[in-house]
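Here's run_34.pdb, which has PDB, C-alpha atoms and all ligand atoms:
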ATOM      1  CA  MET A 107     -15.627  11.219   1.039  1.00  0.00           C
ATOM      2  CA  LEU A 108     -11.920  11.723   0.725  1.00  0.00           C
ATOM      3  CA  THR A 109     -10.970  15.318   1.550  1.00  0.00           C
ATOM      4  CA  THR A 110      -7.652  17.149   1.762  1.00  0.00           C
ATOM      5  CA  GLU A 111      -7.842  17.107   5.591  1.00  0.00           C
ATOM      6  CA  ILE A 112      -8.584  13.365   5.730  1.00  0.00           C
ATOM      7  CA  THR A 113      -5.778  12.578   3.297  1.00  0.00           C
ATOM      8  CA  GLN A 114      -3.238  14.574   5.292  1.00  0.00           C
ATOM      9  CA  GLU A 115      -4.251  12.923   8.554  1.00  0.00           C
ATOM     10  CA  TRP A 116      -4.323   9.535   6.812  1.00  0.00           C
ATOM     11  CA  MET A 117      -0.712   9.957   5.653  1.00  0.00           C
ATOM     12  CA  ASP A 118       0.363  11.186   9.071  1.00  0.00           C
ATOM     13  CA  LYS A 119      -1.085   8.063  10.697  1.00  0.00           C
ATOM     14  CA  PHE A 120       0.388   5.805   8.010  1.00  0.00           C
ATOM     15  CA  TYR A 121       3.805   7.393   8.551  1.00  0.00           C
ATOM     16  CA  HIS A 122       3.653   6.506  12.250  1.00  0.00           C
ATOM     17  CA  LYS A 123       2.546   2.941  11.597  1.00  0.00           C
ATOM     18  CA  ILE A 124       5.436   2.429   9.183  1.00  0.00           C
ATOM     19  CA  GLU A 125       7.815   3.966  11.714  1.00  0.00           C
ATOM     20  CA  GLU A 126       6.538   1.673  14.499  1.00  0.00           C
ATOM     21  CA  ASN A 127       6.586  -1.451  12.327  1.00  0.00           C
ATOM     22  CA  LYS A 128       9.589  -0.830  10.099  1.00  0.00           C
ATOM     23  CA  ASP A 129      11.637  -3.680  11.583  1.00  0.00           C
ATOM     24  CA  TYR A 130       8.691  -6.079  11.497  1.00  0.00           C
ATOM     25  CA  LEU A 131       8.070  -5.338   7.794  1.00  0.00           C
ATOM     26  CA  SER A 132      11.716  -5.980   6.964  1.00  0.00           C
ATOM     27  CA  GLU A 133      11.652  -9.198   9.032  1.00  0.00           C
ATOM     28  CA  LEU A 134       8.636 -10.397   7.040  1.00  0.00           C
ATOM     29  CA  ASP A 135      10.565  -9.620   3.847  1.00  0.00           C
ATOM     30  CA  THR A 136      13.583 -11.665   4.971  1.00  0.00           C
ATOM     31  CA  PRO A 137      12.473 -15.301   4.445  1.00  0.00           C
ATOM     32  CA  ILE A 138      10.614 -14.590   1.186  1.00  0.00           C
ATOM     33  CA  GLY A 139      12.389 -11.475  -0.119  1.00  0.00           C
ATOM     34  CA  ASP A 140      15.445  -9.323   0.453  1.00  0.00           C
ATOM     35  CA  GLY A 141      14.645  -7.930   3.889  1.00  0.00           C
ATOM     36  CA  ASP A 142      14.180  -4.300   2.900  1.00  0.00           C
ATOM     37  CA  HIS A 143      10.428  -3.649   2.828  1.00  0.00           C
ATOM     38  CA  GLY A 144      10.317  -1.770   6.151  1.00  0.00           C
ATOM     39  CA  ASN A 145      13.264   0.430   5.188  1.00  0.00           C
ATOM     40  CA  ASN A 146      11.815   1.011   1.723  1.00  0.00           C
ATOM     41  CA  MET A 147       8.460   2.121   3.127  1.00  0.00           C
ATOM     42  CA  MET A 148      10.087   4.286   5.806  1.00  0.00           C
ATOM     43  CA  ARG A 149      12.164   6.087   3.166  1.00  0.00           C
ATOM     44  CA  GLY A 150       9.021   6.540   1.093  1.00  0.00           C
ATOM     45  CA  MET A 151       7.000   7.943   3.965  1.00  0.00           C
ATOM     46  CA  GLU A 152       9.794  10.360   4.943  1.00  0.00           C
ATOM     47  CA  GLY A 153       9.534  11.583   1.343  1.00  0.00           C
ATOM     48  CA  VAL A 154       5.744  11.832   1.538  1.00  0.00           C
ATOM     49  CA  LYS A 155       5.935  13.804   4.787  1.00  0.00           C
ATOM     50  CA  GLN A 156       8.507  16.248   3.411  1.00  0.00           C
ATOM     51  CA  GLY A 157       6.679  16.592   0.101  1.00  0.00           C
ATOM     52  CA  LEU A 158       3.327  17.378   1.726  1.00  0.00           C
ATOM     53  CA  ALA A 159       4.871  19.862   4.160  1.00  0.00           C
ATOM     54  CA  LYS A 160       6.039  21.974   1.214  1.00  0.00           C
ATOM     55  CA  LEU A 161       2.598  22.360  -0.375  1.00  0.00           C
ATOM     56  CA  GLN A 162       0.679  25.606   0.210  1.00  0.00           C
ATOM     57  CA  LYS A 163      -3.093  25.110   0.487  1.00  0.00           C
ATOM     58  CA  PRO A 164      -3.104  22.195  -1.964  1.00  0.00           C
ATOM     59  CA  ASP A 165      -6.241  20.689  -3.464  1.00  0.00           C
ATOM     60  CA  LEU A 166      -6.920  16.945  -3.208  1.00  0.00           C
ATOM     61  CA  LYS A 167      -5.536  16.093  -6.639  1.00  0.00           C
ATOM     62  CA  THR A 168      -2.261  17.896  -5.879  1.00  0.00           C
ATOM     63  CA  ILE A 169      -1.914  16.074  -2.550  1.00  0.00           C
ATOM     64  CA  LEU A 170      -2.560  12.636  -4.056  1.00  0.00           C
ATOM     65  CA  LYS A 171      -0.163  13.304  -6.937  1.00  0.00           C
ATOM     66  CA  ASN A 172       2.511  14.526  -4.543  1.00  0.00           C
ATOM     67  CA  ILE A 173       2.176  11.364  -2.423  1.00  0.00           C
ATOM     68  CA  ALA A 174       2.456   9.240  -5.573  1.00  0.00           C
ATOM     69  CA  MET A 175       5.593  11.007  -6.791  1.00  0.00           C
ATOM     70  CA  SER A 176       7.314  10.711  -3.403  1.00  0.00           C
ATOM     71  CA  LEU A 177       6.550   6.994  -3.214  1.00  0.00           C
ATOM     72  CA  ILE A 178       7.725   6.343  -6.770  1.00  0.00           C
ATOM     73  CA  SER A 179      10.959   8.271  -6.315  1.00  0.00           C
ATOM     74  CA  LYS A 180      11.838   7.313  -2.725  1.00  0.00           C
ATOM     75  CA  VAL A 181      10.699   3.746  -1.925  1.00  0.00           C
ATOM     76  CA  GLY A 182      12.898   1.859  -4.354  1.00  0.00           C
ATOM     77  CA  GLY A 183      11.951  -1.782  -4.719  1.00  0.00           C
ATOM     78  CA  ALA A 184       8.912  -3.206  -6.439  1.00  0.00           C
ATOM     79  CA  SER A 185       6.483  -1.759  -3.915  1.00  0.00           C
ATOM     80  CA  GLY A 186       7.349   1.895  -4.729  1.00  0.00           C
ATOM     81  CA  PRO A 187       5.946   2.125  -8.259  1.00  0.00           C
ATOM     82  CA  LEU A 188       2.951   0.030  -7.169  1.00  0.00           C
ATOM     83  CA  TYR A 189       1.991   2.236  -4.214  1.00  0.00           C
ATOM     84  CA  GLY A 190       2.827   5.228  -6.426  1.00  0.00           C
ATOM     85  CA  THR A 191       0.499   4.015  -9.157  1.00  0.00           C
ATOM     86  CA  ALA A 192      -2.257   3.527  -6.587  1.00  0.00           C
ATOM     87  CA  PHE A 193      -2.079   7.179  -5.495  1.00  0.00           C
ATOM     88  CA  LEU A 194      -1.661   8.420  -9.057  1.00  0.00           C
ATOM     89  CA  GLU A 195      -4.865   6.615 -10.062  1.00  0.00           C
ATOM     90  CA  MET A 196      -6.666   8.137  -7.073  1.00  0.00           C
ATOM     91  CA  ALA A 197      -5.392  11.567  -8.176  1.00  0.00           C
ATOM     92  CA  LYS A 198      -6.766  11.006 -11.680  1.00  0.00           C
ATOM     93  CA  LYS A 199     -10.123   9.787 -10.389  1.00  0.00           C
ATOM     94  CA  CYS A 200     -10.753  12.385  -7.660  1.00  0.00           C
ATOM     95  CA  GLY A 201     -11.947  15.041 -10.136  1.00  0.00           C
ATOM     96  CA  GLU A 202     -14.849  12.742 -10.961  1.00  0.00           C
ATOM     97  CA  THR A 203     -15.620  11.378  -7.483  1.00  0.00           C
ATOM     98  CA  GLN A 204     -14.283  11.678  -3.936  1.00  0.00           C
ATOM     99  CA  ASP A 205     -16.018   8.497  -2.842  1.00  0.00           C
ATOM    100  CA  ILE A 206     -13.351   6.496  -0.998  1.00  0.00           C
ATOM    101  CA  ASN A 207     -14.523   3.134  -2.311  1.00  0.00           C
ATOM    102  CA  ALA A 208     -14.431   4.358  -5.922  1.00  0.00           C
ATOM    103  CA  LEU A 209     -10.935   5.768  -5.410  1.00  0.00           C
ATOM    104  CA  ILE A 210      -9.661   2.518  -3.869  1.00  0.00           C
ATOM    105  CA  ASN A 211     -11.099   0.574  -6.806  1.00  0.00           C
ATOM    106  CA  ALA A 212      -9.320   2.870  -9.274  1.00  0.00           C
ATOM    107  CA  ALA A 213      -6.086   2.386  -7.311  1.00  0.00           C
ATOM    108  CA  LEU A 214      -6.485  -1.397  -7.290  1.00  0.00           C
ATOM    109  CA  ASP A 215      -7.000  -1.462 -11.063  1.00  0.00           C
ATOM    110  CA  GLY A 216      -3.791   0.550 -11.437  1.00  0.00           C
ATOM    111  CA  ILE A 217      -1.789  -1.791  -9.169  1.00  0.00           C
ATOM    112  CA  LYS A 218      -3.010  -4.846 -11.078  1.00  0.00           C
ATOM    113  CA  LYS A 219      -2.253  -3.315 -14.451  1.00  0.00           C
ATOM    114  CA  ARG A 220       1.169  -2.081 -13.433  1.00  0.00           C
ATOM    115  CA  GLY A 221       2.350  -5.231 -11.630  1.00  0.00           C
ATOM    116  CA  GLY A 222       0.388  -7.871 -13.494  1.00  0.00           C
ATOM    117  CA  ALA A 223      -0.697  -9.574 -10.266  1.00  0.00           C
ATOM    118  CA  THR A 224      -4.179 -10.816  -9.579  1.00  0.00           C
ATOM    119  CA  GLU A 225      -5.983 -12.067  -6.470  1.00  0.00           C
ATOM    120  CA  GLY A 226      -4.267 -15.100  -4.910  1.00  0.00           C
ATOM    121  CA  ASP A 227      -0.748 -14.268  -6.164  1.00  0.00           C
ATOM    122  CA  LYS A 228       0.377 -13.379  -2.600  1.00  0.00           C
ATOM    123  CA  THR A 229       0.919  -9.646  -3.069  1.00  0.00           C
ATOM    124  CA  MET A 230      -0.512  -6.355  -1.819  1.00  0.00           C
ATOM    125  CA  VAL A 231      -3.399  -6.999  -4.258  1.00  0.00           C
ATOM    126  CA  ASP A 232      -4.688  -9.568  -1.748  1.00  0.00           C
ATOM    127  CA  VAL A 233      -5.345  -6.758   0.723  1.00  0.00           C
ATOM    128  CA  TRP A 234      -6.359  -4.002  -1.716  1.00  0.00           C
ATOM    129  CA  SER A 235      -8.910  -6.245  -3.436  1.00  0.00           C
ATOM    130  CA  PRO A 236     -11.017  -7.333  -0.402  1.00  0.00           C
ATOM    131  CA  VAL A 237     -10.916  -3.741   0.881  1.00  0.00           C
ATOM    132  CA  ALA A 238     -12.075  -2.477  -2.536  1.00  0.00           C
ATOM    133  CA  GLN A 239     -14.847  -5.060  -2.626  1.00  0.00           C
ATOM    134  CA  THR A 240     -16.356  -4.389   0.793  1.00  0.00           C
ATOM    135  CA  ASN A 241     -18.903  -1.619   1.254  1.00  0.00           C
ATOM    136  CA  GLU A 242     -17.582  -0.942   4.746  1.00  0.00           C
ATOM    137  CA  ILE A 243     -13.907  -1.244   5.602  1.00  0.00           C
ATOM    138  CA  THR A 244     -13.504  -2.901   9.004  1.00  0.00           C
ATOM    139  CA  GLN A 245     -10.424  -4.049  10.929  1.00  0.00           C
ATOM    140  CA  LYS A 246     -11.616  -7.637  10.421  1.00  0.00           C
ATOM    141  CA  VAL A 247     -11.742  -7.263   6.627  1.00  0.00           C
ATOM    142  CA  ILE A 248      -8.164  -5.933   6.721  1.00  0.00           C
ATOM    143  CA  ASP A 249      -6.814  -8.544   9.150  1.00  0.00           C
ATOM    144  CA  ASP A 250      -8.461 -11.474   7.350  1.00  0.00           C
ATOM    145  CA  ALA A 251      -7.044 -10.254   4.037  1.00  0.00           C
ATOM    146  CA  ILE A 252      -3.525 -10.028   5.476  1.00  0.00           C
ATOM    147  CA  ALA A 253      -3.825 -13.476   7.076  1.00  0.00           C
ATOM    148  CA  SER A 254      -5.053 -15.013   3.811  1.00  0.00           C
ATOM    149  CA  THR A 255      -1.656 -14.379   2.179  1.00  0.00           C
ATOM    150  CA  LYS A 256       0.092 -16.785   4.563  1.00  0.00           C
ATOM    151  CA  ASP A 257      -0.982 -19.973   2.822  1.00  0.00           C
ATOM    152  CA  MET A 258      -0.659 -18.596  -0.704  1.00  0.00           C
ATOM    153  CA  LEU A 259       2.080 -19.533  -3.128  1.00  0.00           C
ATOM    154  CA  ALA A 260       3.762 -16.405  -4.474  1.00  0.00           C
ATOM    155  CA  ARG A 261       3.397 -15.861  -8.200  1.00  0.00           C
ATOM    156  CA  LYS A 262       4.704 -12.289  -8.487  1.00  0.00           C
ATOM    157  CA  GLY A 263       7.656 -10.357  -7.108  1.00  0.00           C
ATOM    158  CA  ARG A 264      10.763 -11.702  -5.387  1.00  0.00           C
ATOM    159  CA  ALA A 265       8.844 -14.211  -3.259  1.00  0.00           C
ATOM    160  CA  SER A 266       7.819 -16.029  -6.452  1.00  0.00           C
ATOM    161  CA  TYR A 267      11.444 -17.164  -6.906  1.00  0.00           C
ATOM    162  CA  LEU A 268      10.909 -19.396  -3.865  1.00  0.00           C
ATOM    163  CA  GLY A 269       7.978 -21.301  -5.321  1.00  0.00           C
ATOM    164  CA  GLU A 270       6.527 -23.699  -2.715  1.00  0.00           C
ATOM    165  CA  ARG A 271       8.849 -22.319  -0.044  1.00  0.00           C
ATOM    166  CA  SER A 272       6.939 -19.029  -0.135  1.00  0.00           C
ATOM    167  CA  ILE A 273       4.000 -20.814   1.514  1.00  0.00           C
ATOM    168  CA  GLY A 274       3.643 -20.259   5.280  1.00  0.00           C
ATOM    169  CA  HIS A 275       4.789 -16.623   5.343  1.00  0.00           C
ATOM    170  CA  LEU A 276       2.730 -13.412   5.310  1.00  0.00           C
ATOM    171  CA  ASP A 277       3.365 -11.143   2.338  1.00  0.00           C
ATOM    172  CA  PRO A 278       5.155  -7.977   3.517  1.00  0.00           C
ATOM    173  CA  GLY A 279       3.407  -5.685   1.026  1.00  0.00           C
ATOM    174  CA  ALA A 280       0.045  -7.063   2.139  1.00  0.00           C
ATOM    175  CA  VAL A 281       0.952  -6.222   5.744  1.00  0.00           C
ATOM    176  CA  SER A 282       2.056  -2.658   4.878  1.00  0.00           C
ATOM    177  CA  SER A 283      -1.129  -2.194   2.822  1.00  0.00           C
ATOM    178  CA  GLY A 284      -3.023  -3.327   5.921  1.00  0.00           C
ATOM    179  CA  TYR A 285      -1.395  -0.474   7.866  1.00  0.00           C
ATOM    180  CA  LEU A 286      -2.462   1.923   5.122  1.00  0.00           C
ATOM    181  CA  PHE A 287      -6.113   0.914   5.482  1.00  0.00           C
ATOM    182  CA  THR A 288      -6.005   0.759   9.281  1.00  0.00           C
ATOM    183  CA  ALA A 289      -4.656   4.326   9.182  1.00  0.00           C
ATOM    184  CA  LEU A 290      -7.595   5.290   6.950  1.00  0.00           C
ATOM    185  CA  LEU A 291     -10.087   3.600   9.312  1.00  0.00           C
ATOM    186  CA  GLU A 292      -8.627   5.439  12.297  1.00  0.00           C
ATOM    187  CA  THR A 293      -8.726   8.742  10.403  1.00  0.00           C
ATOM    188  CA  GLU A 294     -12.353   8.327   9.400  1.00  0.00           C
ATOM    189  CA  ALA A 295     -13.308   7.359  12.953  1.00  0.00           C
ATOM    190  CA  SER A 296     -11.624  10.390  14.513  1.00  0.00           C
TER     191      SER A 296
HETATM  192  P1  LIG A 301      11.473  -5.587  -3.464  1.00  0.00           P
HETATM  193  O1  LIG A 301      10.784  -6.907  -3.572  1.00  0.00           O
HETATM  194  O2  LIG A 301      11.863  -5.031  -4.796  1.00  0.00           O
HETATM  195  O3  LIG A 301      12.581  -5.597  -2.471  1.00  0.00           O
HETATM  196  P2  LIG A 301       9.702  -4.452  -1.461  1.00  0.00           P
HETATM  197  O4  LIG A 301      10.368  -5.397  -0.522  1.00  0.00           O
HETATM  198  O5  LIG A 301       9.646  -3.026  -1.018  1.00  0.00           O
HETATM  199  O6  LIG A 301      10.361  -4.540  -2.900  1.00  0.00           O
HETATM  200  O7  LIG A 301       8.184  -4.881  -1.706  1.00  0.00           O
HETATM  201  C1  LIG A 301       7.797  -6.220  -1.795  1.00  0.00           C
HETATM  202  C2  LIG A 301       6.281  -6.278  -1.880  1.00  0.00           C
HETATM  203  O8  LIG A 301       5.843  -5.707  -3.105  1.00  0.00           O
HETATM  204  C3  LIG A 301       5.720  -7.685  -1.873  1.00  0.00           C
HETATM  205  O9  LIG A 301       5.551  -8.153  -0.555  1.00  0.00           O
HETATM  206  C4  LIG A 301       4.402  -7.539  -2.621  1.00  0.00           C
HETATM  207  O10 LIG A 301       3.331  -7.233  -1.760  1.00  0.00           O
HETATM  208  C5  LIG A 301       4.654  -6.361  -3.511  1.00  0.00           C
HETATM  209  N1  LIG A 301       4.800  -6.764  -4.904  1.00  0.00           N
HETATM  210  C6  LIG A 301       5.924  -7.205  -5.518  1.00  0.00           C
HETATM  211  N2  LIG A 301       5.669  -7.460  -6.828  1.00  0.00           N
HETATM  212  C7  LIG A 301       4.354  -7.180  -7.028  1.00  0.00           C
HETATM  213  C8  LIG A 301       3.465  -7.212  -8.156  1.00  0.00           C
HETATM  214  N3  LIG A 301       3.910  -7.585  -9.367  1.00  0.00           N
HETATM  215  N4  LIG A 301       2.173  -6.839  -7.981  1.00  0.00           N
HETATM  216  C9  LIG A 301       1.732  -6.431  -6.769  1.00  0.00           C
HETATM  217  N5  LIG A 301       2.511  -6.374  -5.673  1.00  0.00           N
HETATM  218  C10 LIG A 301       3.794  -6.745  -5.792  1.00  0.00           C
HETATM  219 MG    MG A 302      12.158  -6.376  -0.508  1.00  0.00          MG
HETATM  220 MG    MG A 303      14.538  -4.773  -2.533  1.00  0.00          MG
END

In structure tokens, how does this file's structure come out?
Ligand code: ADP
Ligand code: MG
Ligand code: MG
Amino acid sequence: MLTTEITQEWMDKFYHKIEENKDYLSELDTPIGDGDHGNNMMRGMEGVKQGLAKLQKPDLKTILKNIAMSLISKVGGASGPLYGTAFLEMAKKCGETQDINALINAALDGIKKRGGATEGDKTMVDVWSPVAQTNEITQKVIDDAIASTKDMLARKGRASYLGERSIGHLDPGAVSSGYLFTALLETEAS
């Protein structure tokens, strides 16, 4: 069950993971992108933090929508509208169900529709999809999903310009999505 308290703690933990791994995410984005993913996500999460701090006793839908809007307006880069869409879809769905798995599935559908990527294209979808498909999110599910992107050939986003040369590198958006779900795991466990 996703609640307002869980979502706020989830975003707080995600913020810290992005802060700790900002340079690593940008390094991953250097050989197969433009080296900005860590900075993009950090800017986005600063926006999320500031946006949430301004809300007075918000309900879940308001929180999820606020996160989405901050990510869309602050991240810049392809990942911003995609993460934003994910949270916007969760906001739309949460009136019907607060089941975390159902919300993640709605988010995944939104990411796929918005970006046109499918499983195996070496994008964040390759982490969101296995997480959406499992009935229990574990660190192993997350880590295996991230690792699986290494040998993929990129078919979407900047990395796709490299063709065969994209093989052998982890996808940066898959790694940041991994932090998002690790943050959720840690929140649910605490
Ligand atoms: P940009 O590529 O514009 O600099 P970022 O570096 O912030 O943006 O984000 C790159 C990440 O966005 C990729 O690693 C990938 O996971 C994700 N991404 C890019 N295009 C798509 C897409 N069409 N569908 C899903 N994810 C995508
Ligand atoms: Mg980039
Ligand atoms: Mg960029």

Residue IDs satisfying the PyMOL selection byres (((not hetatm)) within 8 of (chain A and resi 303)), as a ChimeraX atom specification: /A:139-143,146,182-184

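Counting only C-alpha atoms, the residue from A:Leu177, A:Thr110, A:Gly144, A:Ala213 that sits nearest to A:Gln162 is A:Thr110.
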
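Minimum atom-to-atom distance to A:Gln114, evaluated using only C-alpha atoms, belongs to A:Ile169 out of A:Ile169, A:Met147, A:Ala223, A:Leu276.
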
- request: May I have the residues within 9 Å of ligand LIG 301 (chain A), computed using all atoms listed in the file, as number ranges by chain?
  value: A: 131-132, 134-136, 138-147, 181-186, 188-189, 217-224, 227-232, 261-266, 276-283

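Neighbouring residues of A:Phe120 at 7 Å or closer, counting all atoms listed in the file and skipping chain neighbours under 3 positions away, are Trp116, Met117, Lys123, Ile124, Tyr285, Leu286 and Ala289 of chain A.
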
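Comparing the minimum interatomic distances between A:Leu259 and each of A:Gly226, A:Ser296, A:Leu290, A:Asn241, counting only C-alpha atoms, we find that A:Gly226 sits nearest.
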
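Atom CA of A:Met151 is positioned 16.8 Å from atom CA of A:Thr168.
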
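Distance check against ligand MG 302 (chain A) using all atoms listed in the file: of A:Glu202, A:Glu195, A:Asp257, A:Glu133, the minimum falls on A:Glu133.
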
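For the set A:Pro137, A:Arg271, A:Glu126, A:Asp205, the residue with the smallest atom-to-atom gap to ligand MG 302 (chain A) is A:Pro137, counting all atoms listed in the file.
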
query: Hey, what comes out of the PyMOL selection byres (((chain A and resi 107) around 6) and not hetatm) on this file? Could you write it as number ranges by chain?
result: A: 108, 204-206
